[in-house]
Amino acid sequence: MAEADPLSLTLTGDRYFNRELSWLSFNQRVLEEAMNRAHPLLERLRFLSISGANLDEFFSVRVAGLKGQQLQDVDLRSIDGLTPGQQLAAITEESARLMSAQQKVWGILHGEIAAAGIEVIGASSDIDQATHDWLCEHFRTQIFPILTPQALDPAHPFPFIPNQGLSIVFDLERLSDKQPIRELVMIPSSLARFVRIPGETVRYMALEAVIRRMSGELFPGYKVRNSGVFRIIRDSDIEIEEEAEDLVRYFRSAIKRRRRGRVIRMEIEERIPEPVEEMLQDMLQGHEAIIAEVEGFVGIGDLAGLVDEDRPDLKFEPYAPRFPERIREYGGDCFAAIRAKDIVVHHPYESFDVVIAFLKQAAIDPDVVAIKQTLYRAGKQSGVIRALIDAAEAGKSVTAVVELKARFDEEQNLLWASALERAGVQVVYGFIDWKTHAKISMVVRREGEQFRTYCHFGTGNYHPVTARIYTDLSFFTADPRYGRDAAALFNYITGYVEPQGLEKLVMSPRDLRNSLCDLIEAEIAHVRAGRPGTIWAKMNSLVDPAIIEKLYAASNAGVQIELIVRGICCLRPGVPGMSENIRVKSVVGRFLEHSRITVFGNGKPLPNNGARVFISSADWMPRNFDRRVEFLLPVGNPTVHDQILDQVMVANLMDTEQSWELESDGHYRRLEPGEKPFNLHRYFMTNPSLSGRGAALDSVVVPTLSLRLRA
């Protein structure tokens with residue numbers, strides 16, 4: 001399969017890549033993993049489905065926003081100078097290429113999984129009588145009662161089709177008088193997309209194929225002249241109105257409105273006749289929608305349903321995260337271990353259970369008097385929520401900052417907020433205009449005649465599911481300086497009391513961007529003084545123009561800059577006279593790289609013991625600096641410092657098996673593994689961390705990565 005188009009990011013401008021096209025390029029890299037034969041077959045299929053689900057969300061949020069600007073004649077230019085209309089035109093072209101590539105990949109994987117014993121058969125496939133009889137019975141009892149065919153004529157208003165709704169249009173002919181009729185069958189989301197046919201051979205049939213095959217049962221007395229599948233994507237963003245008096249009530253109403261958002265994209269089978277396509281556009285008021293004709297499977301994201309097949313030989317070997325030995329040595333007492341020294345836990349290699357254990361211990365400890373917690377995404381089965389409820393019911397003072405504006409988690413967060421309030425938790429919704437994106441837990445414990453504060457700072461969410469696949473850092477400390485800063489940050493969120501004199505944390509939207517610029521400027525000063533200037537940074541997205549310009553200035557001054565940007569990158573590296581000292585790479589593999597880390601050499605080549613190391617909840621985007629509550633945290637403990645710098649950052653820079661390098665023309669080039677291939681995910685799955693390994697493992701030699709990196 002061809003790599004991402006080298007011209008896809010260079011439509012305009014000499015200094016920046018377009019944000020939306022950069023995201024499409026990232027999704028292209030995800031799709032490329034579906035053709036990476038180093039991955040097991042069903043894992044490749046999972047990457048294909050992820051690329052489809054990613055594209056759906058991109059259209060329902062980012063493209064929807066651009067459509068809204070275009071319809072309202074808002075001439076808001078992108079960082080690279082494109083109008084909304086120009087961006088939409090480029091997105092339409094690039095996404096069409098991406099969707100075509102998805103179908104080609106599905107065609108290849110369809111054959112490969114069939115060869116491996118997992119068949120996906122179509123509506124017209126030859127099947128034996130026993131299979132036919134089973135399908136008939138399954139359709140009559142499990143599918144037919146749920147379907148509601150609706151005639152499309154002046155007497156029947158066109159029904160509402162929800163976001164990501166899949167439907168079939170049938171053109172029928174009545175056998176009695178040859179009269180034509182058009183019927184719409186919406187496929188309920190409550191039904192699984194694939195039907196597994198029983199038998200020794202593993203066979204699936206897509207639900208729409210089953211319905212087509214059984215159309216005679218659905219439309220007795222009619223002949224099917226034609227049929228076609230279509231699917232729609234609606235505007236799913238929620239805009240916050242400044243005059244919203246009750247944020248909870250507003251979001252409950254907005255979630256309902258979102259389900260009826262404007263149609264942004266319509267996927268239509270190529271076989272649908274043109275008059276039917278025009279009718280659908282008219283009925284769905286989708287004349288402004290992007291029409292995508294699909295030759296193949298409609299709704300690539302739904303292929304995830306096939307990955308659930310019980311074939312461990314076609315999946316990654318199961319991985320059981322380690323529980324930090326450092327805490328086990330204290331009999332599982334999180335507070336004692338943290339009190340002894342700061343700890344960083346590296347997810348998913350080390351279990352998220354340690355975060356749950358920290359909160360559960362706080363909930364039952366009679367000496368704990370207060371717990372404060374931010375909640376951005378907590379998932380549907382959340383041990384964090386349970387621990388907070390238990391703590392409140394035990395009489396402790398518990399405060400939860402629930403972020404209602406966490407996109408696509410608004411409804412779940414409303415449910416959690418209600419459950420927490422019923423238990424006696426003080427629930428706060430934060431700012432109307434800003435999202436509280438910082439991930440912080442704070443536990444106040446009575447110890448002797450004094451109170452001690454224990455803190456957890458995370459680069460990711462308090463979400464037990466994503467914590468198994470996202471790489472993130474959890475930093476635990478009992479350092480009173482971090483505790484005082486955390487308390488000030490919570491007071492800012494709950495009572496708008498602006499912090500004064502923070503000792504450790506830097507926060508947005510107040511001063512995070514300026515602080516980063518100052519740190520970059522310090523590296524420039526080192527170069528001017530004749531010392532090395534070096535910056536390493538890892539994040540999900542790099543968009544902010546002020547930061548990009550400061551990095552360009554640092555490059556021109558001679559600072560050596562290594563950036564690991566998994567997704568969107570608007571910075572253009574390797575341009576003489578602008579960014580020749582900047583290298584950008586993206587890592588896409590088994591786990592999703594999510595941690596945000598920044599390192600400054602401080603006058604010496606990296607890595608070094610005197611380097612300034614920071615972890616953060618924020619990507620380098622305008623929204624994170626200007627419209628979100630975030631933190632940047634300096635790491636001082638030597639062991640934690642070494643783990644983040646000499647292990648995590650060095651491994652990311654060394655990786656050759658899952659890495660892509662961004663070239664100055666916008667093309668991402670997959671790195672060659674080389675004579676000594678290195679896979680950072682495999683490394684962390686097989687090597688204990690420095691911070692959490694405990695005294696029992698202190699004698700274990702952890703491979704020195706720094707020397708190998710320099711070599």
# chains A, B, ... in the order shown; residues from 1 in each chain; ligands from 1
>>> residues_around(residues="Ser664 (chain A)", least_positions_apart="3", cutoff="8 Å", atoms="only C-alpha atoms", output="ChimeraX atom specification")
/A:572-575,667
>>> closest_atom_pairs(of="region 546-620 of chain A", to="region 18-38 of chain A", cutoff="9 Å", atoms="only C-alpha atoms", output="Markdown table")
| residue | atom | partner | partner_atom | distance |
| --- | --- | --- | --- | --- |
| A:Arg566 | CA | A:Phe26 | CA | 7.6 |
| A:Gly567 | CA | A:Phe26 | CA | 5.3 |
| A:Ile568 | CA | A:Trp23 | CA | 5.0 |
| A:Cys569 | CA | A:Ser22 | CA | 6.2 |
| A:Cys570 | CA | A:Arg19 | CA | 5.9 |
| A:Ser586 | CA | A:Phe26 | CA | 8.6 |
| A:Val588 | CA | A:Val30 | CA | 6.8 |
| A:Gly589 | CA | A:Glu33 | CA | 7.5 |
>>> write_last_selection(atoms="C-alpha atoms", output="compact mmCIF listing (two decimals), in the first residue's frame")
# COMPACT_ATOMS: atom_id res chain seq x y z
CA ARG A 566 1.94 11.31 17.32
CA GLY A 567 -0.86 13.12 15.47
CA ILE A 568 -1.29 16.66 14.17
CA CYS A 569 1.87 18.63 13.49
CA CYS A 570 1.65 22.06 11.88
CA SER A 586 5.46 10.00 14.89
CA VAL A 588 2.06 4.50 15.73
CA GLY A 589 1.93 0.95 17.06
>>> select_by_dssp(residues="region 133-339 of chain A", states="helix (DSSP H, G or I)", output="VMD selection string")
chain A and resid 133 to 146 207 to 213 215 to 218 247 to 258 274 to 283 300 to 307 312 to 314 325 to 328 334 to 339
>>> residues_around(residues="region 488-496 of chain A", least_positions_apart="2", cutoff="7 Å", atoms="only C-alpha atoms", output="PyMOL selection string")
chain A and resi 428+430-431+484-486+498-499
>>> write_last_selection(atoms="C-alpha atoms", output="PDB file, in the first residue's frame")
ATOM      1  CA  VAL A 428     -18.324  21.168  40.671  1.00  0.00           C
ATOM      2  CA  GLY A 430     -15.737  24.197  36.551  1.00  0.00           C
ATOM      3  CA  PHE A 431     -15.699  27.033  34.052  1.00  0.00           C
ATOM      4  CA  ARG A 484      -0.041  23.400  48.064  1.00  0.00           C
ATOM      5  CA  ASP A 485      -0.098  24.032  44.316  1.00  0.00           C
ATOM      6  CA  ALA A 486      -2.750  21.355  43.765  1.00  0.00           C
ATOM      7  CA  GLU A 498      -6.643  32.776  41.066  1.00  0.00           C
ATOM      8  CA  PRO A 499      -3.476  31.108  42.402  1.00  0.00           C
TER       9      PRO A 499
END
>>> closest_residue(among="A:Trp134, A:Phe625, A:Phe352, A:Phe219", to="Pro149 (chain A)", atoms="only C-alpha atoms")
A:Phe219
>>> select_by_dssp(residues="region 401-617 of chain A", states="strand (DSSP E or B)", output="PyMOL selection string")
chain A and resi 401-402+426-428+435-436+439-447+450-458+470-477+506-508+534-539+542+560-565+569+571+582-587+592-593+596-600+612-616
>>> closest_atom_pairs(of="region 123-242 of chain A", to="region 282-305 of chain A", cutoff="10 Å", atoms="only C-alpha atoms", output="JSON lines")
{"residue": "A:Leu152", "atom": "CA", "partner": "A:Met283", "partner_atom": "CA", "distance": 9.7}
{"residue": "A:Pro157", "atom": "CA", "partner": "A:Met283", "partner_atom": "CA", "distance": 9.0}
{"residue": "A:Phe158", "atom": "CA", "partner": "A:Met283", "partner_atom": "CA", "distance": 6.4}
{"residue": "A:Pro159", "atom": "CA", "partner": "A:Met283", "partner_atom": "CA", "distance": 8.9}
{"residue": "A:Phe160", "atom": "CA", "partner": "A:Leu284", "partner_atom": "CA", "distance": 8.3}
{"residue": "A:Ile161", "atom": "CA", "partner": "A:Leu284", "partner_atom": "CA", "distance": 8.4}
{"residue": "A:Gln164", "atom": "CA", "partner": "A:Gly299", "partner_atom": "CA", "distance": 8.3}
{"residue": "A:Gly165", "atom": "CA", "partner": "A:Gly299", "partner_atom": "CA", "distance": 9.6}
{"residue": "A:Leu166", "atom": "CA", "partner": "A:Gly299", "partner_atom": "CA", "distance": 8.1}
{"residue": "A:Ala192", "atom": "CA", "partner": "A:Gly305", "partner_atom": "CA", "distance": 7.8}
{"residue": "A:Arg193", "atom": "CA", "partner": "A:Asp302", "partner_atom": "CA", "distance": 6.7}
{"residue": "A:Phe194", "atom": "CA", "partner": "A:Gly305", "partner_atom": "CA", "distance": 6.9}
{"residue": "A:Val195", "atom": "CA", "partner": "A:Gly305", "partner_atom": "CA", "distance": 9.8}
{"residue": "A:Ala206", "atom": "CA", "partner": "A:Phe297", "partner_atom": "CA", "distance": 9.4}
{"residue": "A:Glu208", "atom": "CA", "partner": "A:Val298", "partner_atom": "CA", "distance": 10.0}
{"residue": "A:Val229", "atom": "CA", "partner": "A:Val298", "partner_atom": "CA", "distance": 7.4}
{"residue": "A:Phe230", "atom": "CA", "partner": "A:Val298", "partner_atom": "CA", "distance": 7.2}
{"residue": "A:Arg231", "atom": "CA", "partner": "A:Val298", "partner_atom": "CA", "distance": 7.2}
{"residue": "A:Ile232", "atom": "CA", "partner": "A:Leu284", "partner_atom": "CA", "distance": 9.2}
{"residue": "A:Ile233", "atom": "CA", "partner": "A:Ala289", "partner_atom": "CA", "distance": 9.1}
{"residue": "A:Arg234", "atom": "CA", "partner": "A:Ala289", "partner_atom": "CA", "distance": 9.3}
>>> residues_around(residues="Leu359 (chain A)", least_positions_apart="4", cutoff="12 Å", atoms="only C-alpha atoms", output="PyMOL selection string")
chain A and resi 333-335+352-355+363-365+368+370-373+382-392+398+440-444+454-456+462+476
>>> atom_distance(atom1="CA of Ala438 (chain A)", atom2="CA of Arg583 (chain A)")
28.2 Å
>>> atom_distance(atom1="CA of Ile327 (chain A)", atom2="CA of Pro366 (chain A)")
20.0 Å
>>> closest_residue(among="A:Val640, A:Ile432, A:Ile168, A:Leu542", to="Ile272 (chain A)", atoms="only C-alpha atoms")
A:Ile168
>>> closest_residue(among="A:Gln102, A:Asn608, A:Ser508, A:Asn163", to="Ser60 (chain A)", atoms="only C-alpha atoms")
A:Asn163
>>> closest_residue(among="A:His110, A:Arg531, A:Arg422, A:Arg97", to="Arg44 (chain A)", atoms="only C-alpha atoms")
A:His110
>>> atom_distance(atom1="CA of Asp518 (chain A)", atom2="CA of Ile615 (chain A)")
16.4 Å
>>> closest_residue(among="A:Leu41, A:Ile356, A:Ile548, A:Val369", to="Thr399 (chain A)", atoms="only C-alpha atoms")
A:Val369
>>> residues_around(residues="Val559 (chain A)", least_positions_apart="2", cutoff="8 Å", atoms="only C-alpha atoms", output="VMD selection string")
chain A and resid 523 to 524 527 532 to 535 554 to 557 561 581
>>> write_last_selection(atoms="N, CA and C atoms", output="PDB file, in the first residue's frame")
ATOM      1  N   GLU A 523      17.247  27.853  26.364  1.00  0.00           N
ATOM      2  CA  GLU A 523      18.130  27.011  25.545  1.00  0.00           C
ATOM      3  C   GLU A 523      18.837  27.844  24.485  1.00  0.00           C
ATOM      4  N   ILE A 524      18.135  28.844  23.940  1.00  0.00           N
ATOM      5  CA  ILE A 524      18.769  29.755  22.986  1.00  0.00           C
ATOM      6  C   ILE A 524      19.924  30.494  23.662  1.00  0.00           C
ATOM      7  N   VAL A 527      23.073  28.405  23.891  1.00  0.00           N
ATOM      8  CA  VAL A 527      23.816  28.349  22.628  1.00  0.00           C
ATOM      9  C   VAL A 527      24.615  29.629  22.427  1.00  0.00           C
ATOM     10  N   PRO A 532      25.853  23.777  24.640  1.00  0.00           N
ATOM     11  CA  PRO A 532      24.847  23.086  23.829  1.00  0.00           C
ATOM     12  C   PRO A 532      23.429  23.512  24.216  1.00  0.00           C
ATOM     13  N   GLY A 533      22.576  23.590  23.228  1.00  0.00           N
ATOM     14  CA  GLY A 533      21.156  23.834  23.456  1.00  0.00           C
ATOM     15  C   GLY A 533      20.370  22.678  22.874  1.00  0.00           C
ATOM     16  N   THR A 534      19.549  22.032  23.698  1.00  0.00           N
ATOM     17  CA  THR A 534      18.843  20.827  23.257  1.00  0.00           C
ATOM     18  C   THR A 534      17.445  20.794  23.849  1.00  0.00           C
ATOM     19  N   ILE A 535      16.464  20.410  23.011  1.00  0.00           N
ATOM     20  CA  ILE A 535      15.073  20.256  23.456  1.00  0.00           C
ATOM     21  C   ILE A 535      14.547  18.931  22.933  1.00  0.00           C
ATOM     22  N   ALA A 554      14.573  29.029  17.922  1.00  0.00           N
ATOM     23  CA  ALA A 554      15.573  28.207  18.600  1.00  0.00           C
ATOM     24  C   ALA A 554      16.405  27.426  17.578  1.00  0.00           C
ATOM     25  N   SER A 555      15.750  26.896  16.561  1.00  0.00           N
ATOM     26  CA  SER A 555      16.472  26.174  15.516  1.00  0.00           C
ATOM     27  C   SER A 555      17.472  27.088  14.819  1.00  0.00           C
ATOM     28  N   ASN A 556      17.046  28.289  14.499  1.00  0.00           N
ATOM     29  CA  ASN A 556      17.941  29.237  13.829  1.00  0.00           C
ATOM     30  C   ASN A 556      19.121  29.621  14.714  1.00  0.00           C
ATOM     31  N   ALA A 557      18.913  29.568  16.030  1.00  0.00           N
ATOM     32  CA  ALA A 557      19.997  29.896  16.954  1.00  0.00           C
ATOM     33  C   ALA A 557      20.961  28.725  17.142  1.00  0.00           C
ATOM     34  N   ILE A 561      16.625  20.161  18.228  1.00  0.00           N
ATOM     35  CA  ILE A 561      15.264  19.896  18.713  1.00  0.00           C
ATOM     36  C   ILE A 561      14.761  18.571  18.145  1.00  0.00           C
ATOM     37  N   ASN A 581      17.281  22.458  12.210  1.00  0.00           N
ATOM     38  CA  ASN A 581      17.722  21.743  13.409  1.00  0.00           C
ATOM     39  C   ASN A 581      16.559  21.076  14.146  1.00  0.00           C
TER      40      ASN A 581
END
>>> closest_residue(among="A:Glu112, A:Glu270, A:Glu593, A:Glu200", to="Pro40 (chain A)", atoms="only C-alpha atoms")
A:Glu112
